[in-house]
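Visitor: Would you mind keeping the following structure in view while I ask a few things?
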Amino acid sequence: MEPGSDDFLPPPECPVFEPSWAEFRDPLGYIAKIRPIAEKSGICKIRPPADWQPPFAVEVDNFRFTPRIQRLNELEAQTRVKLNYLDQIAKFWEIQGSSLKIPNVERRILDLYSLSKIVVEEGGYEAICKDRRWARVAQRLNYPPGKNIGSLLRSHYERIVYPYEMYQSGANLVQCNTRPFDNEEKDKEYKPHSIPLRQSVQPSKFNSYGRRAKRLQPDPEPTEEDIEKNPELKKLQIYGAGPKMMGLGLMAKDKTLRKKELLCSLPDKEGPECPPTVVVKEESGGDMKVEPASPKTYLESKEELSHSPEPCTKMTMRLRRNHSNAQFIESYVCRMCSRGDEDDKLLLCDGCDDNYHIFCLLPPLPEIPKGVWRCPKCVMAECKRPPEAFGFEQATREYTLQSFGEMADSFKADYFNMPVHMVPTELVEKEFWRLVNSIEEDVTVEYGADIHSKEFGSGFPVSDSKRHLTPEEEEYATSGWNLNVMPVLEQSVLCHINADISGMKVPWLYVGMVFSAFCWHIEDHWSYSINYLHWGEPKTWYGVPSLAAEHLEEVMKKLTPELFDSQPDLLHQLVTLMNPNTLMSHGVPVVRTNQCAGEFVITFPRAYHSGFNQGYNFAEAVNFCTADWLPAGRQCIEHYRRLRRYCVFSHEELICKMAACPEKLDLNLAAAVHKEMFIMVQEERRLRKALLEKGITEAEREAFELLPDDERQCIKCKTTCFLSALACYDCPDGLVCLSHINDLCKCSSSRQYLRYRYTLDELPAMLHKLKVRAESFDTWANKVRVALEVEDGRKRSLEELRALESEARERRFPNSELLQRLKNCLSEAEACVSRALGLVSGQEAGYGITSPHRVADVQMTLAELRAFLDQMSNLPCAMHQIGDVKGVLEQVEAYQAEAREALASLPSSPGLLQSLLERGRQLGVEVPEAQQLQRQVEQARWLDEVKRTLAPSARRGTLAVMRGLLVAGASVAPSPAVDKARAELQELLTIAERWEEKAHLCLEARQKHPPATLEAIIHEAENIPVHLPNIQALKEALAKARAWIADVDEIQNGDHYPCLDDLEGLVAVGRDLPVGLEELRQLELQVLTAHSWREKASKTFLKKNSCYTLLEVLCPCADAGSDSTKRSRWMEKELGLYKSDTELLGLSAQDLRDPGSVIVAFKEGEQKEKEGILQLRRTNSAKPGPLASSTAAASANSICVCGQVPAGAGALRCDLCQDWFHGRCVSVPRLLNSLRPSPPSSPLLAWWEWDTKFLCPLCMRSRRPRLETILALLVALQRLPVRLPEGEALQCLTERAISWQGRARQALASEDVSALLGRLTELRQRLQAEPRPQEPPTLLPSAPASDPLREGSGKDMPKAQGLENGDSVTSPEKVAPGEGSDLELLSSLLPQLTGPVLELPEATRAPLEELMLEGDLLEVTLDENHSIWQLLQAGQPPDLERIRTLLELEKAERHGSRGRGRALERRRRRKVDRGGEGDDPAREELEPKRVRSSGPEAEEAQEEEELEEETGAEGPPQPLPTTGSPSTQENQNGLESAPGASSGPSAPFSTLTPRLPVPCPQQPPQQQS
């Protein structure tokens, strides 16, 4: 019975070996080492070292192959026997006109073969029926008892098997039922395998893999062309060997050759009729259901004859009728009754053409059968036909590695319904053996086996000229484990075969898929084999050792004798499997293993092995033979002779070829060949003697190796002859080996002759050469043993020992222990010679200082020298260098005595010790006394160096030198003097480091020490004899501090106060010194006070964002005469290019320190300024006005601060320099500010009091504070013990202003001018008394009243009505609602203005104008200046054009202010809505202090500035900053007021145009001529 799916028990594992790298380097040596263990199992596995990973060298894209087709259950021997038996029964019943249907018993198909075999074993059908033993038959078939299965088996046996057995026995079938299956609808119809037929037919190109293909699926049918080409098919055609033949739909061959065609015809001519077929379906439970197919019509059946997958199951019968020729009728008579009557009932056999009456047959046929019919004689002959030899068929599809892998992985994944890498190997193994034992299931796989590597390329790198190998590939290409290299290694026998035997010397490749198998076999000539799995899934192996090989053959022949009867060499065909459990149950030892990728499997001689693949993989295999194989190879030839099997190569030829060149053989191989050659020669002598006894005396020499193998094979046993053969002159086509001399031919012995390769005299000579080669090792070994043991008392020279070693290498002796001893002795002797030569040559050349290149050589000790001498004496070879070594030893011993004497008389002279030390170095040997001498010399040197370093007259050493001495002292051998010196050094170093640390703290500490403290530290550190860097730095710092104090005293005690720059320089130097200086604090306070005064003066004079420095403002403008120079300098200030204050007066930095030089330069500058402004006025007066024609030269035009030419309305002329400017680019006077109604209010028609005076920003450079403010600054300056250039310039400016004020007052107090002032007063009073036109009740609310003009001295002069801060800003929100109507009122008054109201004589006007010019040049606000200006105004007509321009500019500014006011209001509301985001403390911190401290008005001003930054001011973008007119009211806060105070309530009336930052022009204005 076939085992179940779970019955398979895996055999035990084979041995697994893991060689080390040292073992792995010798492949055949390692295999010989493991052979005693591994050959007991037949196979073994070897895992190479982990980093041995050869690259895969196959060209994947060009690799194409055609695999074999394997049907698994046809591989297993017992299963194939059953299938052959079923095919024979099916053929028998098919001849009878029925198709075989296998019944189901107990839900499984009945095993008809086992049933028949058991019935025969139980005594036969009659005996079992007689004894009623059918229940025992059921029991042996493993059916359960008690279900009356025995009766059922009897019924099936009688119906199906018994008729076939009767035919086989030759008896007439008396009760044969020709339709035994018509009523058995539940039986499964059997589809015969027809193995011989299928092997002769190429498989269908459309072959596909099902998961489990059932036997009921049809195989492809052969075509007529296939039958014509294949004689086997022709032979099978006439016998109708089953459904495949039936499906061809062909008539018998004699239909076209004989007149039977004339006698026989079918009822119709449309073709044979096929009855309905039965299709069996398998359900999940395993039961078989039979479903009758729907009947086909006659036309349908005809159409599907060659296409239907179901073959016809009934034969086509033919009845002979309507004979047209009497001659043919007489020739056809019944073979039973010998009559020819009733020809309508006469049947013609389609096999032998015999005739039978249907009623003469036993049993008689009731009617004429349809289809093909054969007589009983043909049926018996067909059923007894022996089966054809079994073999594999080739697939029709060609694969690449990729396409085969995709097919293989898809098949496995579909079969097991899981990913291929997750299928356990145990599951695949059990399923494989279940499938090969199954009759029902046909699983077909493909196996790319025996692919020639010569044609397709090896998986290992190969050294050939086809392609260049990388260094890594070259390493693997020459490795002994490369399967292309292993068969031809020197120790291998196959390297002596010239031919490339594919599969033996040249590897074969194997591409496997799951279930693809290799069957039980042994290698050709019983050789070794090695298999390497390059990659892929594992390969499962089974092996049987050589000792059990015959046992395995006996078991397989016993279990399947039917197969071996037809194929005696079946096991050599590699087509038969048998379950390992079956073999093990019969006592055959079997082992198994799973070969994974990167592992080797080795099979040993005559070890049977088989296996299968777990999945898609790629393997490579080859044979190899070693010396121990030779006896097995000879036995294999005898085995082949008995089986009459062809040899792959001639064993005799191989032995003789190795014997012909014994010197090339490995020693072990030579010994083995000698043994084999001896046996072969003895056998050849015996055979040739038998030939002589037969009387054959003729002979001729034949070079058999030159003949093809098929021309020198024994016609009896197929052995390939080499030493000799028997041939016949009359029968030249054949020959025999000398073992079959009686089987050549029937000719006379005199016609037969011997063909030989060697004479009987030549063979012993070859044998002797082998013996000499094999025994040469023993001779050599005796020589080596005598030389090494010095048995004869004579030491050999090195040359003699080298000759012995060279002989072993040339004769390729094995690496024995004796050879290793010889090599070791030679190595040791050569090393001694080299060492001795080095010792002697070193003495001659000198060591140590005299020979620097040998200082690094390692010297011998005295003990080593003595041991070296003993070693040379004990070596078994003579060396003349031993005398030189003895001489060296004597010199060393003499030196040792002299050194001991010198050491005993210490203290010796250092020179003597040094000379002894030098002599010791030249010896080349380390003497213990030399070390003592070296220590004494080192101690003396170190002490001398310490003494020199600490000597008072020596230069002080650094701390690094001291530390170096201590480190060097640690390496000096200890002694009392050394220890004392080290202690002193350590103490000195500790003290020095402590003082260095103190000095470092003084240099780095934040708390600076006074000079006295530092001086004490330095004084104490002077006593230390070490150079201390920090003490030196401290000394230098103290010297600098004393020099600094001296500089301070010199400055403080000079004739003048020190300059601020000098004090700042001293402060900077004093701060950098690491010394506490009391004078530094005083200097810092003086510098701080000076800076504070300068800052206050700057706030007083400088306008906001001014581009001038304080010194520039205070000094006269010496280059005022050149407008281009003035503008260029002003532009350079704006761009930050002009920064030198000292250039203003033509003074150097040193001149500024002399007050006299400053005063003289100031006076000269005043004169230059006056002359320059006059020149500038003349030049600018000649320029055309803005309303003049544009035909004037461009160079003569005025240039505004914006860089453009002022043209058209809206331009103003400066009253000082007479140049023109855009009104929108500069700050202009405000008419409303000058009209301040108060009791007594000023009349509107007093136009000469209107503020129309305009000074450009180039002429008015500062705020122009009042003289009282300047005097307060001067008072503060007097308290400063520091000289500032700005202070002296301020003094000069004050003196100039007071001088001018005196001259102005004198002029105003003159009689003529006083009269004119009186007239103006009267006129003003008269205008005030006149009724006024209607005007708003309050022109400018809350405006303070202007002081009336007073006559008399200067102290009673009215104050100017303007502010001294010309850059003050008035918020637009503060403008009164009625200002728009005021401007309209003023505009309406212009026609009523008349003048001049005074007549100024030229004598009076000229001095006043000159005073006015000088007063405008002063950067000081004086009331006298305003009074003179009013007089000059009254003495000329009113400048209506300027008044209109000022009114228009004011109107435009008012309009823009309203828009900005509304925007500010919206902005304020957004702030409130955001919840006071404006109160951000960080932002508040960033705001200027003046904004945070000036109340709500300052906040509004800042909002206005922010708005202007966001939206931009109306009119020209960002006009240059200019001062207001001189008539603006002075700030009464004097020195204490901040620059931004004008934004507060103290300045409610200012210009209506907001002040913006001044951008620096991109280029200076064009110079004017």
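In the structure tokens, chains take letters A, B, ... by order of appearance, with residues numbered from 1 within each chain and ligands from 1 in the order shown.
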Using only C-alpha atoms, I'd like a table of the residues in segment 541-655 of chain A that come within 10 Å of segment 30-35 of chain A; for each, show the closest atom pair and its distance in Å rounded to one decimal, ordered by chain and ascending number, as CSV.
Guide:
```
residue,atom,partner,partner_atom,distance
A:Ile602,CA,A:Ile31,CA,8.8
A:Phe604,CA,A:Arg35,CA,8.3
A:Thr626,CA,A:Ala32,CA,8.6
A:Ala627,CA,A:Ala32,CA,9.7
A:Asp628,CA,A:Ala32,CA,8.7
```
Visitor: To one decimal place, how far is atom CA of Met422 of chain A from atom CA of Met407 of chain A in Å?
Guide: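 Interatomic distance here is 17.5 Å.
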Visitor: Have a look at atom CA of Leu723 of chain A and atom CA of Leu760 of chain A and let me know their distance in Å, one decimal.
Guide: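 One can read the atom CA of Leu723 of chain A to atom CA of Leu760 of chain A distance as 10.2 Å.
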Visitor: Pick out the residues sitting within 12 Å of Gly1156 of chain A, and hand them over as a PyMOL selection string; count only C-alpha atoms, and ignore anything fewer than 5 positions along from it in its own chain.
Guide: chain A and resi 1056+1147+1151+1161-1163+1285+1288-1289+1292
Visitor: Mind the document's chain letters and residue numbers, and return as a ChimeraX atom specification the residues of segment 14-166 of chain A that DSSP labels strand (DSSP E or B).
Guide: /A:16-17,43-46,64-65,68-71,76,101-102,104-105,108-109
Visitor: Next, write the just-selected residues to a file, as a PDB file, in the first residue's frame, keeping N, CA and C atoms as the atom set.
Guide:
```
ATOM      1  N   VAL A  16      27.967  16.881   8.797  1.00  0.00           N
ATOM      2  CA  VAL A  16      28.171  18.242   8.295  1.00  0.00           C
ATOM      3  C   VAL A  16      29.531  18.717   8.814  1.00  0.00           C
ATOM      4  N   PHE A  17      30.361  19.248   7.911  1.00  0.00           N
ATOM      5  CA  PHE A  17      31.713  19.677   8.277  1.00  0.00           C
ATOM      6  C   PHE A  17      31.862  21.172   7.996  1.00  0.00           C
ATOM      7  N   ILE A  43      27.216  10.287   1.808  1.00  0.00           N
ATOM      8  CA  ILE A  43      27.250  11.699   1.424  1.00  0.00           C
ATOM      9  C   ILE A  43      27.572  12.523   2.665  1.00  0.00           C
ATOM     10  N   CYS A  44      28.051  13.738   2.459  1.00  0.00           N
ATOM     11  CA  CYS A  44      28.273  14.665   3.561  1.00  0.00           C
ATOM     12  C   CYS A  44      28.108  16.078   3.040  1.00  0.00           C
ATOM     13  N   LYS A  45      27.947  17.003   3.957  1.00  0.00           N
ATOM     14  CA  LYS A  45      27.775  18.421   3.604  1.00  0.00           C
ATOM     15  C   LYS A  45      28.943  19.203   4.182  1.00  0.00           C
ATOM     16  N   ILE A  46      29.447  20.176   3.399  1.00  0.00           N
ATOM     17  CA  ILE A  46      30.557  21.030   3.829  1.00  0.00           C
ATOM     18  C   ILE A  46      30.111  22.476   3.745  1.00  0.00           C
ATOM     19  N   ARG A  64      19.924  30.417 -21.662  1.00  0.00           N
ATOM     20  CA  ARG A  64      18.640  29.844 -22.086  1.00  0.00           C
ATOM     21  C   ARG A  64      18.769  28.322 -22.108  1.00  0.00           C
ATOM     22  N   PHE A  65      17.732  27.643 -21.664  1.00  0.00           N
ATOM     23  CA  PHE A  65      17.797  26.188 -21.565  1.00  0.00           C
ATOM     24  C   PHE A  65      16.394  25.606 -21.737  1.00  0.00           C
ATOM     25  N   ARG A  68      13.671  19.311 -18.575  1.00  0.00           N
ATOM     26  CA  ARG A  68      12.999  18.016 -18.693  1.00  0.00           C
ATOM     27  C   ARG A  68      11.645  18.089 -18.011  1.00  0.00           C
ATOM     28  N   ILE A  69      10.737  17.239 -18.493  1.00  0.00           N
ATOM     29  CA  ILE A  69       9.414  17.125 -17.865  1.00  0.00           C
ATOM     30  C   ILE A  69       9.429  15.914 -16.937  1.00  0.00           C
ATOM     31  N   GLN A  70       8.986  16.120 -15.721  1.00  0.00           N
ATOM     32  CA  GLN A  70       8.935  15.042 -14.734  1.00  0.00           C
ATOM     33  C   GLN A  70       7.523  14.920 -14.188  1.00  0.00           C
ATOM     34  N   ARG A  71       6.925  13.699 -14.395  1.00  0.00           N
ATOM     35  CA  ARG A  71       5.653  13.395 -13.733  1.00  0.00           C
ATOM     36  C   ARG A  71       5.999  12.586 -12.485  1.00  0.00           C
ATOM     37  N   GLU A  76       8.666   7.040  -9.096  1.00  0.00           N
ATOM     38  CA  GLU A  76       8.795   6.038  -8.023  1.00  0.00           C
ATOM     39  C   GLU A  76       8.610   4.642  -8.611  1.00  0.00           C
ATOM     40  N   LYS A 101     -12.544   1.168 -16.132  1.00  0.00           N
ATOM     41  CA  LYS A 101     -13.037   2.042 -15.066  1.00  0.00           C
ATOM     42  C   LYS A 101     -12.640   1.418 -13.742  1.00  0.00           C
ATOM     43  N   ILE A 102     -11.903   2.183 -12.931  1.00  0.00           N
ATOM     44  CA  ILE A 102     -11.399   1.661 -11.654  1.00  0.00           C
ATOM     45  C   ILE A 102     -12.446   1.927 -10.592  1.00  0.00           C
ATOM     46  N   ASN A 104     -14.286   2.406  -6.863  1.00  0.00           N
ATOM     47  CA  ASN A 104     -13.990   2.989  -5.558  1.00  0.00           C
ATOM     48  C   ASN A 104     -14.441   2.041  -4.476  1.00  0.00           C
ATOM     49  N   VAL A 105     -13.570   1.777  -3.538  1.00  0.00           N
ATOM     50  CA  VAL A 105     -13.908   0.930  -2.388  1.00  0.00           C
ATOM     51  C   VAL A 105     -13.509   1.709  -1.142  1.00  0.00           C
ATOM     52  N   ARG A 108     -11.855   5.164  -1.682  1.00  0.00           N
ATOM     53  CA  ARG A 108     -10.555   5.279  -2.335  1.00  0.00           C
ATOM     54  C   ARG A 108     -10.517   4.309  -3.500  1.00  0.00           C
ATOM     55  N   ILE A 109      -9.706   4.657  -4.482  1.00  0.00           N
ATOM     56  CA  ILE A 109      -9.625   3.848  -5.691  1.00  0.00           C
ATOM     57  C   ILE A 109      -8.999   2.495  -5.365  1.00  0.00           C
TER      58      ILE A 109
END
```
Visitor: Nearest residue to Cys832 of chain A out of A:Tyr542, A:Trp1093, A:Phe56, A:Phe868, using only C-alpha atoms?
Guide: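 Looking only at the distances to Cys832 of chain A, the closest residue turns out to be A:Phe868.
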Visitor: So the first atom is atom CA of Met578 of chain A and the second is atom CA of Val436 of chain A; what is the distance between them in Å, to one decimal place?
Guide: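 Straight-line distance from atom CA of Met578 of chain A to atom CA of Val436 of chain A works out to 8.9 Å.
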Visitor: Leaving out segment 1209-1214 of chain A and any residue of its chain fewer than 6 positions from it, which residues lie within 10 Å of it when counting only C-alpha atoms, given as a ChimeraX atom specification?
Guide: /A:1177,1180-1181,1185-1187,1198,1200,1220-1226,1228,1253-1259,1441-1442,1444-1449
Visitor: Do a neighbour search on segment 650-653 of chain A at 7 Å with only C-alpha atoms, toss out local chain neighbours closer than 2 positions, and write the hits as a ChimeraX atom specification.
Guide: /A:634,647,655-657,720-723
Visitor: Restricting the calculation to only C-alpha atoms, which member of A:Ala660, A:Thr79, A:Pro814, A:Ile160 is positioned closest to Leu100 of chain A?
Guide: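 Result for the nearest residue to Leu100 of chain A: A:Ile160.
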Visitor: Using DSSP assignments from the backbone, pull out every residue in segment 570-618 of chain A that falls under alpha helix (DSSP H) and give it to me as a PyMOL selection string.
Guide: chain A and resi 580-585
Visitor: Segment 465-472 of chain A: which residues within 10 Å, counting only C-alpha atoms, same-chain residues fewer than 4 positions away excluded, as a PyMOL selection string?
Guide: chain A and resi 54-55+461+476-477
Visitor: Would you export the selected residues with N, CA and C atoms as a short mmCIF file (atom, residue, chain, number, x, y, z; two decimals), in the first residue's frame, please?
Guide:
```
data_model
loop_
_atom_site.label_atom_id
_atom_site.label_comp_id
_atom_site.auth_asym_id
_atom_site.auth_seq_id
_atom_site.Cartn_x
_atom_site.Cartn_y
_atom_site.Cartn_z
N PRO A 54 31.84 33.10 -3.54
CA PRO A 54 32.20 33.35 -4.95
C PRO A 54 31.09 34.10 -5.67
N PRO A 55 31.46 35.02 -6.56
CA PRO A 55 30.44 35.74 -7.34
C PRO A 55 29.79 34.82 -8.36
N PRO A 461 33.59 31.94 -11.54
CA PRO A 461 34.46 32.65 -12.49
C PRO A 461 35.48 31.68 -13.09
N TYR A 476 38.74 33.58 -6.91
CA TYR A 476 37.81 32.45 -6.93
C TYR A 476 38.02 31.58 -8.17
N ALA A 477 38.52 32.18 -9.27
CA ALA A 477 38.74 31.40 -10.49
C ALA A 477 39.85 30.38 -10.30
#
```
Visitor: Which residues, written as a VMD selection string, have at least one atom at most 12 Å from Ala1012 of chain A, with only C-alpha atoms counted and residues fewer than 6 positions away on the same chain left out?
Guide: chain A and resid 1018 to 1019 1035 1038 to 1039 1041 to 1042 1075 to 1077
Visitor: Write out, as a PDB file, in the first residue's frame, the residues just selected, with N, CA, C and O atoms.
Guide:
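Ended up saving to out_11.pdb:
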```
ATOM      1  N   ILE A1018      57.043  92.399  43.556  1.00  0.00           N
ATOM      2  CA  ILE A1018      58.150  92.297  42.603  1.00  0.00           C
ATOM      3  C   ILE A1018      59.477  92.199  43.332  1.00  0.00           C
ATOM      4  O   ILE A1018      60.363  91.411  42.954  1.00  0.00           O
ATOM      5  N   HIS A1019      59.622  92.940  44.397  1.00  0.00           N
ATOM      6  CA  HIS A1019      60.879  92.941  45.148  1.00  0.00           C
ATOM      7  C   HIS A1019      61.159  91.553  45.734  1.00  0.00           C
ATOM      8  O   HIS A1019      62.301  91.069  45.698  1.00  0.00           O
ATOM      9  N   LYS A1035      56.029  93.815  36.449  1.00  0.00           N
ATOM     10  CA  LYS A1035      57.063  94.861  36.536  1.00  0.00           C
ATOM     11  C   LYS A1035      56.866  95.898  35.428  1.00  0.00           C
ATOM     12  O   LYS A1035      56.964  97.112  35.651  1.00  0.00           O
ATOM     13  N   LEU A1038      53.922  98.114  36.259  1.00  0.00           N
ATOM     14  CA  LEU A1038      54.245  99.105  37.293  1.00  0.00           C
ATOM     15  C   LEU A1038      55.045 100.276  36.697  1.00  0.00           C
ATOM     16  O   LEU A1038      54.813 101.446  37.031  1.00  0.00           O
ATOM     17  N   ALA A1039      55.949  99.967  35.778  1.00  0.00           N
ATOM     18  CA  ALA A1039      56.740 101.038  35.138  1.00  0.00           C
ATOM     19  C   ALA A1039      55.835 101.960  34.322  1.00  0.00           C
ATOM     20  O   ALA A1039      55.981 103.194  34.326  1.00  0.00           O
ATOM     21  N   ALA A1041      52.692 102.491  34.906  1.00  0.00           N
ATOM     22  CA  ALA A1041      51.873 103.272  35.831  1.00  0.00           C
ATOM     23  C   ALA A1041      52.647 104.497  36.354  1.00  0.00           C
ATOM     24  O   ALA A1041      52.097 105.604  36.456  1.00  0.00           O
ATOM     25  N   ARG A1042      53.914 104.300  36.668  1.00  0.00           N
ATOM     26  CA  ARG A1042      54.720 105.439  37.150  1.00  0.00           C
ATOM     27  C   ARG A1042      54.866 106.492  36.051  1.00  0.00           C
ATOM     28  O   ARG A1042      54.806 107.706  36.309  1.00  0.00           O
ATOM     29  N   VAL A1075      46.842  98.469  37.568  1.00  0.00           N
ATOM     30  CA  VAL A1075      47.339  99.124  38.795  1.00  0.00           C
ATOM     31  C   VAL A1075      46.258 100.083  39.289  1.00  0.00           C
ATOM     32  O   VAL A1075      45.596 100.755  38.474  1.00  0.00           O
ATOM     33  N   GLY A1076      46.055 100.098  40.586  1.00  0.00           N
ATOM     34  CA  GLY A1076      45.091 101.029  41.167  1.00  0.00           C
ATOM     35  C   GLY A1076      45.686 102.447  41.244  1.00  0.00           C
ATOM     36  O   GLY A1076      46.640 102.673  41.978  1.00  0.00           O
ATOM     37  N   LEU A1077      45.122 103.436  40.496  1.00  0.00           N
ATOM     38  CA  LEU A1077      45.638 104.812  40.396  1.00  0.00           C
ATOM     39  C   LEU A1077      44.594 105.783  40.941  1.00  0.00           C
ATOM     40  O   LEU A1077      43.471 105.841  40.400  1.00  0.00           O
TER      41      LEU A1077
END
```
